[in-house]
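Participant: Pasting query21.txt here (compact mmCIF, C-alpha atoms):
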# COMPACT_ATOMS: atom_id res chain seq x y z
CA MET A 1 3.47 20.52 -3.55
CA GLU A 2 6.34 22.97 -3.31
CA ASN A 3 4.93 24.90 -0.35
CA ILE A 4 4.99 21.86 1.91
CA VAL A 5 8.66 21.11 1.41
CA PRO A 6 10.25 23.32 4.12
CA ILE A 7 7.76 22.05 6.72
CA GLU A 8 8.29 18.47 5.57
CA LYS A 9 12.05 18.93 5.96
CA LYS A 10 11.55 20.29 9.46
CA VAL A 11 9.30 17.36 10.38
CA LEU A 12 11.82 14.86 9.01
CA SER A 13 14.75 16.45 10.83
CA GLU A 14 12.74 16.44 14.09
CA ASN A 15 11.93 12.79 13.34
CA ASP A 16 15.63 12.00 12.78
CA ARG A 17 16.53 13.56 16.13
CA LEU A 18 13.96 11.40 17.96
CA ALA A 19 15.05 8.33 15.96
CA ASP A 20 18.65 8.89 17.06
CA ASP A 21 17.47 8.97 20.69
CA ILE A 22 15.62 5.67 20.20
CA ARG A 23 18.68 4.16 18.49
CA ALA A 24 20.98 5.20 21.35
CA ARG A 25 18.62 3.64 23.90
CA LEU A 26 18.40 0.37 21.94
CA ARG A 27 22.12 0.26 21.28
CA GLU A 28 22.89 0.58 24.98
CA LYS A 29 20.86 -2.60 25.59
CA ARG A 30 22.12 -4.34 22.42
CA VAL A 31 18.60 -4.81 21.08
CA LEU A 32 18.44 -5.73 17.39
CA THR A 33 15.65 -3.56 15.98
CA LEU A 34 13.85 -4.36 12.74
CA ASN A 35 11.29 -2.11 11.05
CA LEU A 36 8.96 -4.28 8.93
CA VAL A 37 7.54 -2.54 5.87
CA SER A 38 5.33 -3.71 2.98
CA SER A 39 2.06 -3.24 1.13
CA PRO A 40 -1.09 -4.08 3.09
CA GLY A 41 -1.53 -7.85 3.20
CA SER A 42 1.99 -8.96 2.22
CA GLY A 43 2.30 -10.92 5.46
CA LYS A 44 4.14 -8.81 8.05
CA THR A 45 1.92 -10.07 10.88
CA SER A 46 2.06 -13.66 9.60
CA LEU A 47 5.87 -13.57 9.48
CA LEU A 48 5.96 -12.27 13.06
CA GLU A 49 3.44 -14.92 14.22
CA ARG A 50 5.64 -17.67 12.77
CA THR A 51 8.77 -16.10 14.22
CA LEU A 52 7.23 -15.92 17.70
CA GLN A 53 6.03 -19.52 17.51
CA ASN A 54 9.48 -20.75 16.48
CA LEU A 55 11.96 -18.51 18.28
CA ASN A 56 10.14 -17.42 21.46
CA HIS A 57 11.83 -20.20 23.48
CA ARG A 58 15.25 -19.13 22.28
CA LEU A 59 15.17 -15.34 21.95
CA ASN A 60 13.57 -12.57 23.97
CA LEU A 61 11.33 -10.92 21.38
CA VAL A 62 9.25 -7.77 21.88
CA LEU A 63 7.00 -6.06 19.39
CA ILE A 64 5.36 -2.79 18.41
CA ALA A 65 2.44 -3.22 16.00
CA GLY A 66 1.30 -0.16 14.05
CA ASP A 67 -1.96 0.22 12.18
CA VAL A 68 -4.14 3.01 10.84
CA GLN A 69 -7.09 1.58 12.77
CA THR A 70 -7.76 -1.44 15.05
CA GLU A 71 -5.45 -3.35 17.39
CA ASN A 72 -6.09 -6.56 15.42
CA ASP A 73 -2.42 -7.17 14.61
CA ALA A 74 -1.33 -6.61 18.21
CA LEU A 75 -4.01 -9.09 19.34
CA ARG A 76 -2.86 -11.66 16.75
CA LEU A 77 0.75 -11.30 17.92
CA THR A 78 -0.19 -11.66 21.58
CA LYS A 79 -2.16 -14.78 20.70
CA ALA A 80 0.88 -16.13 18.85
CA GLY A 81 2.94 -15.91 22.03
CA GLY A 82 4.16 -12.30 22.08
CA ARG A 83 4.83 -11.54 25.73
CA ILE A 84 5.21 -7.81 25.15
CA VAL A 85 3.27 -6.33 22.23
CA ARG A 86 2.55 -2.60 22.19
CA PRO A 87 0.03 -1.31 19.64
CA ILE A 88 0.17 2.02 17.85
CA ILE A 89 -3.00 3.24 16.15
CA THR A 90 -2.01 6.09 13.84
CA GLY A 91 -5.61 7.24 13.43
CA GLY A 92 -5.26 8.02 9.74
CA ALA A 93 -1.53 8.63 9.38
CA CYS A 94 0.05 6.57 6.61
CA HIS A 95 3.27 5.61 8.45
CA LEU A 96 4.82 5.30 11.89
CA ASP A 97 7.12 8.09 13.01
CA ALA A 98 9.76 8.25 15.73
CA LYS A 99 7.47 10.26 18.02
CA MET A 100 4.85 7.49 18.01
CA VAL A 101 7.51 4.86 18.67
CA THR A 102 9.03 6.94 21.50
CA LYS A 103 5.59 7.13 23.11
CA ALA A 104 4.97 3.38 22.65
CA MET A 105 8.33 2.69 24.36
CA GLU A 106 7.60 4.83 27.42
CA GLY A 107 8.67 3.17 30.65
CA TRP A 108 9.94 0.13 28.79
CA ASP A 109 12.88 -1.67 30.42
CA LEU A 110 14.69 -3.30 27.51
CA THR A 111 17.23 -5.21 29.61
CA GLY A 112 17.65 -8.72 28.24
CA VAL A 113 15.62 -8.08 25.09
CA ASP A 114 17.15 -9.60 21.94
CA VAL A 115 14.92 -8.26 19.18
CA LEU A 116 12.43 -5.42 18.88
CA PHE A 117 10.17 -5.84 15.85
CA ILE A 118 8.32 -2.74 14.71
CA GLU A 119 5.49 -3.61 12.33
CA ASN A 120 4.83 -0.51 10.26
CA VAL A 121 1.59 0.58 8.57
CA GLY A 122 0.94 -1.33 5.33
CA ASN A 123 2.19 1.16 2.75
CA LEU A 124 4.98 0.81 0.20
CA VAL A 125 5.66 4.54 -0.06
CA CYS A 126 5.51 6.76 3.03
CA PRO A 127 7.17 4.57 5.72
CA SER A 128 10.38 4.61 3.66
CA SER A 129 10.98 8.26 4.65
CA TYR A 130 10.72 7.82 8.43
CA ASP A 131 13.66 6.50 10.46
CA LEU A 132 12.33 4.86 13.64
CA GLY A 133 15.75 4.22 15.18
CA GLU A 134 15.92 0.72 13.69
CA ASP A 135 19.04 -1.19 12.71
CA MET A 136 17.43 -2.28 9.48
CA LYS A 137 14.25 -2.06 7.46
CA VAL A 138 12.93 -5.48 6.43
CA ALA A 139 10.72 -5.17 3.32
CA LEU A 140 8.19 -7.85 2.45
CA ILE A 141 6.65 -8.51 -0.92
CA SER A 142 4.22 -11.29 -1.73
CA THR A 143 4.12 -13.31 -4.93
CA THR A 144 0.55 -12.15 -5.60
CA GLU A 145 1.54 -8.48 -5.85
CA GLY A 146 3.41 -8.55 -9.17
CA ASP A 147 7.16 -8.71 -9.71
CA ASP A 148 7.38 -5.12 -10.96
CA LYS A 149 6.95 -3.54 -7.52
CA PRO A 150 10.65 -2.84 -6.74
CA LEU A 151 10.90 -0.73 -9.91
CA LYS A 152 7.66 1.12 -9.19
CA TYR A 153 8.36 1.82 -5.50
CA PRO A 154 12.16 2.04 -5.50
CA ALA A 155 12.74 4.09 -2.32
CA MET A 156 11.45 1.34 -0.06
CA PHE A 157 13.74 -1.28 -1.57
CA ARG A 158 16.72 1.09 -1.64
CA ARG A 159 16.34 1.86 2.09
CA SER A 160 15.75 -1.73 3.20
CA SER A 161 18.50 -4.20 4.12
CA VAL A 162 16.40 -7.35 3.84
CA LEU A 163 13.73 -8.48 1.38
CA VAL A 164 11.39 -11.30 2.38
CA ILE A 165 9.46 -12.68 -0.59
CA ASN A 166 6.33 -14.26 0.93
CA LYS A 167 3.57 -16.57 -0.38
CA ILE A 168 5.88 -18.72 -2.51
CA ASP A 169 3.22 -21.46 -2.11
CA LEU A 170 1.15 -19.39 -4.59
CA LEU A 171 3.89 -19.25 -7.26
CA GLY A 172 2.66 -20.40 -10.64
CA LEU A 173 -0.84 -19.02 -10.08
CA SER A 174 0.08 -15.66 -11.60
CA ASP A 175 2.70 -14.16 -13.92
CA PHE A 176 4.96 -13.44 -10.94
CA GLN A 177 8.53 -14.66 -11.53
CA LEU A 178 10.85 -15.08 -8.54
CA ALA A 179 13.94 -14.49 -10.67
CA ARG A 180 12.46 -11.26 -12.05
CA VAL A 181 11.45 -9.74 -8.70
CA LYS A 182 14.92 -10.50 -7.31
CA GLN A 183 16.58 -9.04 -10.37
CA HIS A 184 14.47 -5.85 -10.05
CA ALA A 185 15.09 -5.57 -6.31
CA LEU A 186 18.85 -6.14 -6.60
CA GLN A 187 19.02 -3.66 -9.45
CA ILE A 188 17.63 -1.03 -7.01
CA ASN A 189 19.73 -2.27 -4.08
CA PRO A 190 22.51 -4.83 -4.71
CA ALA A 191 23.16 -5.19 -0.94
CA LEU A 192 19.71 -6.69 -0.16
CA THR A 193 19.66 -9.99 1.73
CA THR A 194 16.72 -11.97 0.34
CA PHE A 195 14.56 -14.80 1.67
CA GLU A 196 11.88 -16.78 -0.15
CA VAL A 197 9.23 -18.05 2.24
CA SER A 198 5.65 -19.12 2.72
CA CYS A 199 4.28 -18.03 6.09
CA ARG A 200 1.32 -20.33 5.39
CA THR A 201 3.24 -23.58 4.78
CA GLY A 202 6.41 -22.64 6.67
CA GLU A 203 8.61 -23.27 3.62
CA GLY A 204 11.86 -21.31 3.59
CA LEU A 205 11.45 -19.89 7.10
CA GLN A 206 14.40 -21.79 8.61
CA ALA A 207 16.81 -19.54 6.71
CA TRP A 208 15.04 -16.46 8.11
CA TYR A 209 15.21 -17.81 11.68
CA GLN A 210 18.92 -18.62 11.29
CA TRP A 211 19.61 -15.17 9.92
CA LEU A 212 17.77 -13.61 12.88
CA ILE A 213 19.73 -15.66 15.42
CA ALA A 214 23.02 -14.80 13.71
CA SER A 215 22.07 -11.10 13.57
CA VAL A 216 21.26 -11.11 17.31
CA GLU A 217 24.62 -12.72 18.06
CA GLN A 218 26.40 -10.16 15.92
CA LYS A 219 24.52 -7.33 17.70
CA LYS A 220 25.59 -8.65 21.12
CA ARG A 221 29.22 -8.67 19.96
CA THR A 222 29.09 -5.09 18.60
CA PRO A 223 31.23 -2.86 20.85
CA PHE A 224 29.09 -0.31 22.69
CA GLY A 225 29.16 3.11 21.07
CA SER A 226 29.82 1.83 17.56
CA MET B 1 2.52 15.97 13.59
CA GLU B 2 0.54 18.94 14.83
CA ASN B 3 2.71 21.55 13.13
CA ILE B 4 1.97 20.20 9.67
CA VAL B 5 -1.81 20.45 10.00
CA PRO B 6 -2.42 24.08 8.91
CA ILE B 7 -0.22 23.59 5.82
CA GLU B 8 -1.90 20.27 5.08
CA LYS B 9 -5.30 21.98 5.27
CA LYS B 10 -4.12 24.69 2.89
CA VAL B 11 -2.79 22.08 0.45
CA LEU B 12 -6.04 20.12 0.60
CA SER B 13 -8.20 23.21 0.06
CA GLU B 14 -6.02 24.22 -2.92
CA ASN B 15 -6.40 20.65 -4.17
CA ASP B 16 -10.19 20.83 -3.78
CA ARG B 17 -10.32 24.03 -5.81
CA LEU B 18 -8.37 22.42 -8.68
CA ALA B 19 -10.48 19.25 -8.40
CA ASP B 20 -13.65 21.34 -8.76
CA ASP B 21 -12.22 22.86 -11.95
CA ILE B 22 -11.48 19.37 -13.33
CA ARG B 23 -14.98 18.21 -12.35
CA ALA B 24 -16.62 21.16 -14.12
CA ARG B 25 -14.63 20.47 -17.29
CA LEU B 26 -15.57 16.76 -17.24
CA ARG B 27 -19.19 17.47 -16.42
CA GLU B 28 -19.51 19.80 -19.40
CA LYS B 29 -18.46 16.91 -21.67
CA ARG B 30 -20.47 14.31 -19.69
CA VAL B 31 -17.38 12.18 -19.07
CA LEU B 32 -17.81 9.53 -16.36
CA THR B 33 -14.61 9.77 -14.29
CA LEU B 34 -13.42 6.96 -12.04
CA ASN B 35 -10.45 7.17 -9.66
CA LEU B 36 -9.06 3.65 -9.10
CA VAL B 37 -7.44 3.12 -5.71
CA SER B 38 -5.93 0.08 -3.98
CA SER B 39 -2.82 -1.44 -2.42
CA PRO B 40 0.07 -2.11 -4.79
CA GLY B 41 -0.64 -5.25 -6.81
CA SER B 42 -4.39 -5.57 -6.21
CA GLY B 43 -5.00 -5.47 -9.95
CA LYS B 44 -5.91 -1.91 -11.00
CA THR B 45 -3.94 -2.20 -14.24
CA SER B 46 -5.26 -5.71 -14.93
CA LEU B 47 -8.86 -4.55 -14.45
CA LEU B 48 -8.25 -1.69 -16.89
CA GLU B 49 -6.57 -4.01 -19.43
CA ARG B 50 -9.61 -6.32 -19.37
CA THR B 51 -11.99 -3.37 -19.58
CA LEU B 52 -10.17 -1.96 -22.61
CA GLN B 53 -10.14 -5.34 -24.34
CA ASN B 54 -13.88 -5.82 -23.76
CA LEU B 55 -15.40 -2.34 -24.03
CA ASN B 56 -13.08 -0.42 -26.37
CA HIS B 57 -15.35 -1.14 -29.35
CA ARG B 58 -18.38 0.14 -27.50
CA LEU B 59 -17.19 3.03 -25.34
CA ASN B 60 -14.67 5.81 -25.83
CA LEU B 61 -12.27 5.17 -22.96
CA VAL B 62 -9.30 7.36 -22.00
CA LEU B 63 -6.84 6.84 -19.17
CA ILE B 64 -4.39 8.51 -16.83
CA ALA B 65 -1.94 6.07 -15.19
CA GLY B 66 -0.13 7.25 -12.08
CA ASP B 67 2.95 5.64 -10.54
CA VAL B 68 5.75 6.61 -8.18
CA GLN B 69 8.29 5.52 -10.80
CA THR B 70 8.20 4.01 -14.33
CA GLU B 71 5.63 4.29 -17.10
CA ASN B 72 5.10 0.52 -17.06
CA ASP B 73 1.37 0.71 -16.36
CA ALA B 74 0.79 3.29 -19.10
CA LEU B 75 2.69 1.04 -21.53
CA ARG B 76 0.62 -2.00 -20.50
CA LEU B 77 -2.60 -0.04 -21.03
CA THR B 78 -1.51 1.22 -24.44
CA LYS B 79 -0.65 -2.36 -25.41
CA ALA B 80 -4.12 -3.46 -24.22
CA GLY B 81 -5.73 -1.07 -26.69
CA GLY B 82 -5.80 2.24 -24.84
CA ARG B 83 -5.90 4.89 -27.56
CA ILE B 84 -5.20 7.75 -25.17
CA VAL B 85 -3.13 6.91 -22.07
CA ARG B 86 -1.35 9.70 -20.23
CA PRO B 87 1.22 8.72 -17.58
CA ILE B 88 1.92 10.59 -14.37
CA ILE B 89 5.17 9.79 -12.55
CA THR B 90 4.89 11.25 -9.07
CA GLY B 91 8.62 10.89 -8.42
CA GLY B 92 8.21 9.79 -4.83
CA ALA B 93 4.81 11.26 -3.91
CA CYS B 94 2.46 8.66 -2.43
CA HIS B 95 -0.74 9.76 -4.22
CA LEU B 96 -2.01 11.68 -7.22
CA ASP B 97 -3.27 15.19 -6.62
CA ALA B 98 -5.51 17.48 -8.67
CA LYS B 99 -2.54 19.58 -9.83
CA MET B 100 -0.86 16.54 -11.41
CA VAL B 101 -4.13 15.52 -13.08
CA THR B 102 -4.71 19.07 -14.37
CA LYS B 103 -1.25 19.00 -15.93
CA ALA B 104 -1.83 15.54 -17.45
CA MET B 105 -5.07 16.83 -19.00
CA GLU B 106 -3.49 19.89 -20.62
CA GLY B 107 -4.75 20.48 -24.15
CA TRP B 108 -7.02 17.44 -23.96
CA ASP B 109 -10.22 17.68 -26.01
CA LEU B 110 -12.68 15.45 -24.17
CA THR B 111 -15.47 15.71 -26.72
CA GLY B 112 -17.03 12.29 -27.26
CA VAL B 113 -15.17 10.62 -24.39
CA ASP B 114 -17.34 8.27 -22.32
CA VAL B 115 -15.06 7.32 -19.44
CA LEU B 116 -11.86 8.73 -17.97
CA PHE B 117 -10.11 6.20 -15.75
CA ILE B 118 -7.51 7.61 -13.37
CA GLU B 119 -5.28 4.87 -11.99
CA ASN B 120 -3.90 6.15 -8.70
CA VAL B 121 -0.62 5.21 -6.98
CA GLY B 122 -0.87 1.85 -5.18
CA ASN B 123 -1.52 2.97 -1.61
CA LEU B 124 -4.48 2.25 0.64
CA VAL B 125 -4.02 5.36 2.78
CA CYS B 126 -2.95 8.67 1.20
CA PRO B 127 -4.97 8.73 -2.08
CA SER B 128 -8.18 8.68 -0.02
CA SER B 129 -7.58 12.33 1.00
CA TYR B 130 -7.16 13.78 -2.50
CA ASP B 131 -10.16 14.61 -4.68
CA LEU B 132 -9.14 14.44 -8.35
CA GLY B 133 -12.45 15.73 -9.71
CA GLU B 134 -13.77 12.18 -10.16
CA ASP B 135 -17.40 11.08 -10.01
CA MET B 136 -16.46 8.10 -7.87
CA LYS B 137 -13.56 6.31 -6.30
CA VAL B 138 -13.39 2.63 -7.22
CA ALA B 139 -11.47 0.67 -4.57
CA LEU B 140 -9.94 -2.72 -5.36
CA ILE B 141 -8.94 -5.39 -2.90
CA SER B 142 -7.54 -8.78 -3.80
CA THR B 143 -8.32 -12.03 -2.03
CA THR B 144 -4.64 -12.51 -1.19
CA GLU B 145 -4.49 -9.35 0.95
CA GLY B 146 -6.56 -10.48 3.92
CA ASP B 147 -10.23 -9.78 4.64
CA ASP B 148 -9.46 -7.41 7.53
CA LYS B 149 -8.28 -4.55 5.30
CA PRO B 150 -11.53 -2.47 5.28
CA LEU B 151 -11.40 -2.27 9.10
CA LYS B 152 -7.71 -1.37 9.14
CA TYR B 153 -7.86 1.23 6.34
CA PRO B 154 -11.40 2.57 6.77
CA ALA B 155 -11.08 5.99 5.11
CA MET B 156 -10.49 4.49 1.66
CA PHE B 157 -13.59 2.30 1.85
CA ARG B 158 -15.70 5.09 3.34
CA ARG B 159 -14.80 7.45 0.47
CA SER B 160 -15.24 4.92 -2.33
CA SER B 161 -18.50 4.18 -4.11
CA VAL B 162 -17.48 0.85 -5.61
CA LEU B 163 -15.49 -2.09 -4.28
CA VAL B 164 -14.02 -4.59 -6.75
CA ILE B 165 -12.84 -7.77 -5.04
CA ASN B 166 -10.22 -9.24 -7.38
CA LYS B 167 -8.39 -12.60 -7.63
CA ILE B 168 -11.41 -14.72 -6.67
CA ASP B 169 -9.69 -17.54 -8.60
CA LEU B 170 -7.31 -17.72 -5.60
CA LEU B 171 -10.10 -18.11 -3.01
CA GLY B 172 -9.55 -21.11 -0.76
CA LEU B 173 -5.75 -20.75 -0.86
CA SER B 174 -5.73 -18.50 2.21
CA ASP B 175 -7.98 -17.66 5.18
CA PHE B 176 -9.66 -14.90 3.16
CA GLN B 177 -13.46 -15.12 3.37
CA LEU B 178 -15.54 -13.27 0.75
CA ALA B 179 -18.48 -12.92 3.15
CA ARG B 180 -16.22 -11.43 5.82
CA VAL B 181 -14.53 -8.83 3.61
CA LYS B 182 -17.94 -7.71 2.32
CA GLN B 183 -19.33 -7.55 5.83
CA HIS B 184 -16.34 -5.44 6.96
CA ALA B 185 -16.53 -3.15 3.92
CA LEU B 186 -20.30 -2.62 4.20
CA GLN B 187 -19.95 -1.97 7.90
CA ILE B 188 -17.64 0.96 7.00
CA ASN B 189 -19.76 2.04 4.01
CA PRO B 190 -23.24 0.49 3.52
CA ALA B 191 -23.65 2.26 0.15
CA LEU B 192 -20.77 0.40 -1.56
CA THR B 193 -21.54 -1.36 -4.85
CA THR B 194 -19.46 -4.55 -4.87
CA PHE B 195 -18.14 -6.81 -7.62
CA GLU B 196 -16.34 -10.14 -7.25
CA VAL B 197 -14.00 -10.79 -10.15
CA SER B 198 -10.89 -12.48 -11.40
CA CYS B 199 -8.97 -10.35 -13.88
CA ARG B 200 -6.93 -13.44 -14.67
CA THR B 201 -9.76 -15.83 -15.60
CA GLY B 202 -12.36 -13.17 -16.49
CA GLU B 203 -14.88 -14.53 -14.00
CA GLY B 204 -17.36 -11.96 -12.73
CA LEU B 205 -16.26 -9.20 -15.09
CA GLN B 206 -19.51 -9.10 -17.09
CA ALA B 207 -21.29 -7.49 -14.14
CA TRP B 208 -18.55 -4.83 -13.96
CA TYR B 209 -18.85 -4.09 -17.70
CA GLN B 210 -22.64 -3.83 -17.48
CA TRP B 211 -22.38 -1.50 -14.51
CA LEU B 212 -19.91 0.69 -16.44
CA ILE B 213 -22.18 0.88 -19.49
CA ALA B 214 -25.18 1.71 -17.31
CA SER B 215 -23.18 4.37 -15.43
CA VAL B 216 -22.09 5.98 -18.71
CA GLU B 217 -25.72 6.07 -19.90
CA GLN B 218 -26.81 7.63 -16.63
CA LYS B 219 -24.05 10.23 -16.90
CA LYS B 220 -25.18 11.18 -20.42
CA ARG B 221 -28.72 11.69 -19.12
CA THR B 222 -27.64 13.88 -16.19
CA PRO B 223 -28.80 17.47 -16.86
CA PHE B 224 -25.87 19.81 -17.36
CA GLY B 225 -25.03 21.80 -14.25
CA SER B 226 -26.40 19.22 -11.81
Now that the file is in, can you turn its structure into structure tokens?

Facilitator:
Amino acid sequence: MENIVPIEKKVLSENDRLADDIRARLREKRVLTLNLVSSPGSGKTSLLERTLQNLNHRLNLVLIAGDVQTENDALRLTKAGGRIVRPIITGGACHLDAKMVTKAMEGWDLTGVDVLFIENVGNLVCPSSYDLGEDMKVALISTTEGDDKPLKYPAMFRRSSVLVINKIDLLGLSDFQLARVKQHALQINPALTTFEVSCRTGEGLQAWYQWLIASVEQKKRTPFGS
Amino acid sequence: MENIVPIEKKVLSENDRLADDIRARLREKRVLTLNLVSSPGSGKTSLLERTLQNLNHRLNLVLIAGDVQTENDALRLTKAGGRIVRPIITGGACHLDAKMVTKAMEGWDLTGVDVLFIENVGNLVCPSSYDLGEDMKVALISTTEGDDKPLKYPAMFRRSSVLVINKIDLLGLSDFQLARVKQHALQINPALTTFEVSCRTGEGLQAWYQWLIASVEQKKRTPFGS
């Protein structure tokens, strides 16, 4: 739709400005910020539940949970031990934008926070275009979705730094091949850090926790202003 | 984003005009047209592969396969017996629109065609807003996606006429409850016709085939212009 392009550009540049403000605020407090993106049902909320249960005693974790409708995810995360969980209901919009995140962060004192997780709307296309001020996008894919997804939705995998392959307990029940999905993802983005996990059984999650802890430590060491 | 709304309205009304043109053209030839929508990896292509393999001898089926990138789905459908399969690569766009479908249908003689399947981009949000001139939207959900999806993405289920619940061979391997997903979906849209299938094992597909055949017969009986 050619006629929407100039407006879309304007919206994205306004979004980038707000995202830079968010990033500056988070950088000042040395908060590692991760924007979780995936199809609906890949396991973003399950990964965060597990992470809260296992790292809450060690790291100060806060969360923003976005959804088109319902606060179900925010409720699940609170139940899993999230001390600060702010919901965003987009009311139809297919992605979070920096304006929504700015509003959700209003009056938030981030002193002492180690990680801010932003759980995006379940959508493998649109959230890839919207910077929310995060350090990294963490993409999830589950083994029941088909190993061709990185090739079919390349922008999301190109703009993510981490790929978490979830539901490895269901491997062998479909044509999904771990080696193939990794090959496809790395072909799109050779710099991806990948994890293979099952949020149901817990398999593989230790590596994810260790990576998180190391990333927090690295963030704390980063000189302010860089 | 308030400033995008007037443009979005203009785009949607232009889309509706093109969709009405498509609908008139299909109605003249009594072609049942189904717009398949779901998350990535729910099984739209698998359902179409099975349908081709089982009904190709009985019905004249043609297909349009949309994807953000690659013609993989169109190739799979051709391999499964699709005699006419036209691909649409959206090149980043998160949904099909009526303009893309109009272009894909250029020079197409639809005489004698029973069903046109349009496989949309895998996305549970954006395709719900775009009429492609179809008779019905057919939404798919797989049992590995979580039974809360109808509540979280209500527009898609409200605007669909049919819900195909796929991957029932994987029931019991997660918390997904068939009764709960149906309850949630029917709460959003009490008029939904539902099917429970496994495109992998073939279970439940007979009911889908019979419904398709009956829907084609009904379409042929519909007086022209109604």

Participant: Residues of chain A within 7 Å of chain B, counting all atoms listed in the file, what are they? List them as an MDAnalysis selection string.

Facilitator: chainID A and resid 4 7 39:42 67:70 94 123 125:126 144:146 151:153

Participant: Point out the residue among B:Asp131, B:Glu217, B:Asp114, B:Asp16 with the least atom-to-atom distance to Leu96 (chain B), counting all atoms listed in the file.

Facilitator: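 Answer, going by the shortest atom-to-atom distance: B:Asp131.
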
Participant: Skip Thr78 (chain B) itself and residues of its chain fewer than 6 positions away, then list as a list in words all residues within 9 Å of it, counting all atoms listed in the file.

Facilitator: Glu49, Ile84 and Val85 of chain B

Participant: Would you mind telling me which residue in A:Ala80, A:Val197, A:Val62, A:Leu178 lies nearest to Arg50 (chain A) when using only C-alpha atoms?

Facilitator: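 Using only C-alpha atoms, Arg50 (chain A) sits closest to A:Ala80.
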
Participant: For a test of reading the model, state the distance in Å between CA of Pro223 (chain A) and CA of Asp135 (chain A), rounded to one decimal.

Facilitator: 14.8 Å

Participant: Compile the contact shell of region 18-34 of chain A as a PDB file with C-alpha atoms, in the coordinates of the input: residues with an atom at most 9 Å away, counting all atoms listed in the file, same-chain residues fewer than 6 positions apart removed.

Facilitator:
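So the final result, stored in part15.pdb, reads:
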ATOM      1  CA  ASP A  97       7.120   8.090  13.010  1.00  0.00           C
ATOM      2  CA  ALA A  98       9.760   8.250  15.730  1.00  0.00           C
ATOM      3  CA  LYS A  99       7.470  10.260  18.020  1.00  0.00           C
ATOM      4  CA  VAL A 101       7.510   4.860  18.670  1.00  0.00           C
ATOM      5  CA  THR A 102       9.030   6.940  21.500  1.00  0.00           C
ATOM      6  CA  MET A 105       8.330   2.690  24.360  1.00  0.00           C
ATOM      7  CA  LEU A 110      14.690  -3.300  27.510  1.00  0.00           C
ATOM      8  CA  THR A 111      17.230  -5.210  29.610  1.00  0.00           C
ATOM      9  CA  GLY A 112      17.650  -8.720  28.240  1.00  0.00           C
ATOM     10  CA  VAL A 113      15.620  -8.080  25.090  1.00  0.00           C
ATOM     11  CA  ASP A 114      17.150  -9.600  21.940  1.00  0.00           C
ATOM     12  CA  VAL A 115      14.920  -8.260  19.180  1.00  0.00           C
ATOM     13  CA  LEU A 116      12.430  -5.420  18.880  1.00  0.00           C
ATOM     14  CA  PHE A 117      10.170  -5.840  15.850  1.00  0.00           C
ATOM     15  CA  ILE A 118       8.320  -2.740  14.710  1.00  0.00           C
ATOM     16  CA  GLU A 119       5.490  -3.610  12.330  1.00  0.00           C
ATOM     17  CA  TYR A 130      10.720   7.820   8.430  1.00  0.00           C
ATOM     18  CA  ASP A 131      13.660   6.500  10.460  1.00  0.00           C
ATOM     19  CA  LEU A 132      12.330   4.860  13.640  1.00  0.00           C
ATOM     20  CA  GLY A 133      15.750   4.220  15.180  1.00  0.00           C
ATOM     21  CA  GLU A 134      15.920   0.720  13.690  1.00  0.00           C
ATOM     22  CA  ASP A 135      19.040  -1.190  12.710  1.00  0.00           C
ATOM     23  CA  MET A 136      17.430  -2.280   9.480  1.00  0.00           C
ATOM     24  CA  LYS A 137      14.250  -2.060   7.460  1.00  0.00           C
ATOM     25  CA  VAL A 138      12.930  -5.480   6.430  1.00  0.00           C
ATOM     26  CA  SER A 215      22.070 -11.100  13.570  1.00  0.00           C
ATOM     27  CA  VAL A 216      21.260 -11.110  17.310  1.00  0.00           C
ATOM     28  CA  LYS A 219      24.520  -7.330  17.700  1.00  0.00           C
ATOM     29  CA  LYS A 220      25.590  -8.650  21.120  1.00  0.00           C
ATOM     30  CA  ARG A 221      29.220  -8.670  19.960  1.00  0.00           C
ATOM     31  CA  THR A 222      29.090  -5.090  18.600  1.00  0.00           C
ATOM     32  CA  PHE A 224      29.090  -0.310  22.690  1.00  0.00           C
ATOM     33  CA  GLY A 225      29.160   3.110  21.070  1.00  0.00           C
ATOM     34  CA  SER A 226      29.820   1.830  17.560  1.00  0.00           C
TER      35      SER A 226
END

Participant: Using only C-alpha atoms, give me every residue within 9 Å of (9.1, -14.6, 15.7) in file coordinates, as a list in words.

Facilitator: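 With a cut-off of 9 Å, the residues come to Leu47, Leu48, Glu49, Arg50, Thr51, Leu52, Gln53, Asn54, Leu55, Asn56, Leu59, Leu61, Ala80, Gly81, Gly82, Phe117 and Tyr209 of chain A.
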
Participant: Please, could you write that set of residues out with C-alpha atoms as an mmCIF file, in the frame of the given file?

Facilitator:
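What follows is the written file again16.cif:
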data_model
loop_
_atom_site.group_PDB
_atom_site.id
_atom_site.type_symbol
_atom_site.label_atom_id
_atom_site.label_comp_id
_atom_site.auth_asym_id
_atom_site.auth_seq_id
_atom_site.Cartn_x
_atom_site.Cartn_y
_atom_site.Cartn_z
ATOM 1 C CA LEU A 47 5.870 -13.570 9.480
ATOM 2 C CA LEU A 48 5.960 -12.270 13.060
ATOM 3 C CA GLU A 49 3.440 -14.920 14.220
ATOM 4 C CA ARG A 50 5.640 -17.670 12.770
ATOM 5 C CA THR A 51 8.770 -16.100 14.220
ATOM 6 C CA LEU A 52 7.230 -15.920 17.700
ATOM 7 C CA GLN A 53 6.030 -19.520 17.510
ATOM 8 C CA ASN A 54 9.480 -20.750 16.480
ATOM 9 C CA LEU A 55 11.960 -18.510 18.280
ATOM 10 C CA ASN A 56 10.140 -17.420 21.460
ATOM 11 C CA LEU A 59 15.170 -15.340 21.950
ATOM 12 C CA LEU A 61 11.330 -10.920 21.380
ATOM 13 C CA ALA A 80 0.880 -16.130 18.850
ATOM 14 C CA GLY A 81 2.940 -15.910 22.030
ATOM 15 C CA GLY A 82 4.160 -12.300 22.080
ATOM 16 C CA PHE A 117 10.170 -5.840 15.850
ATOM 17 C CA TYR A 209 15.210 -17.810 11.680
#
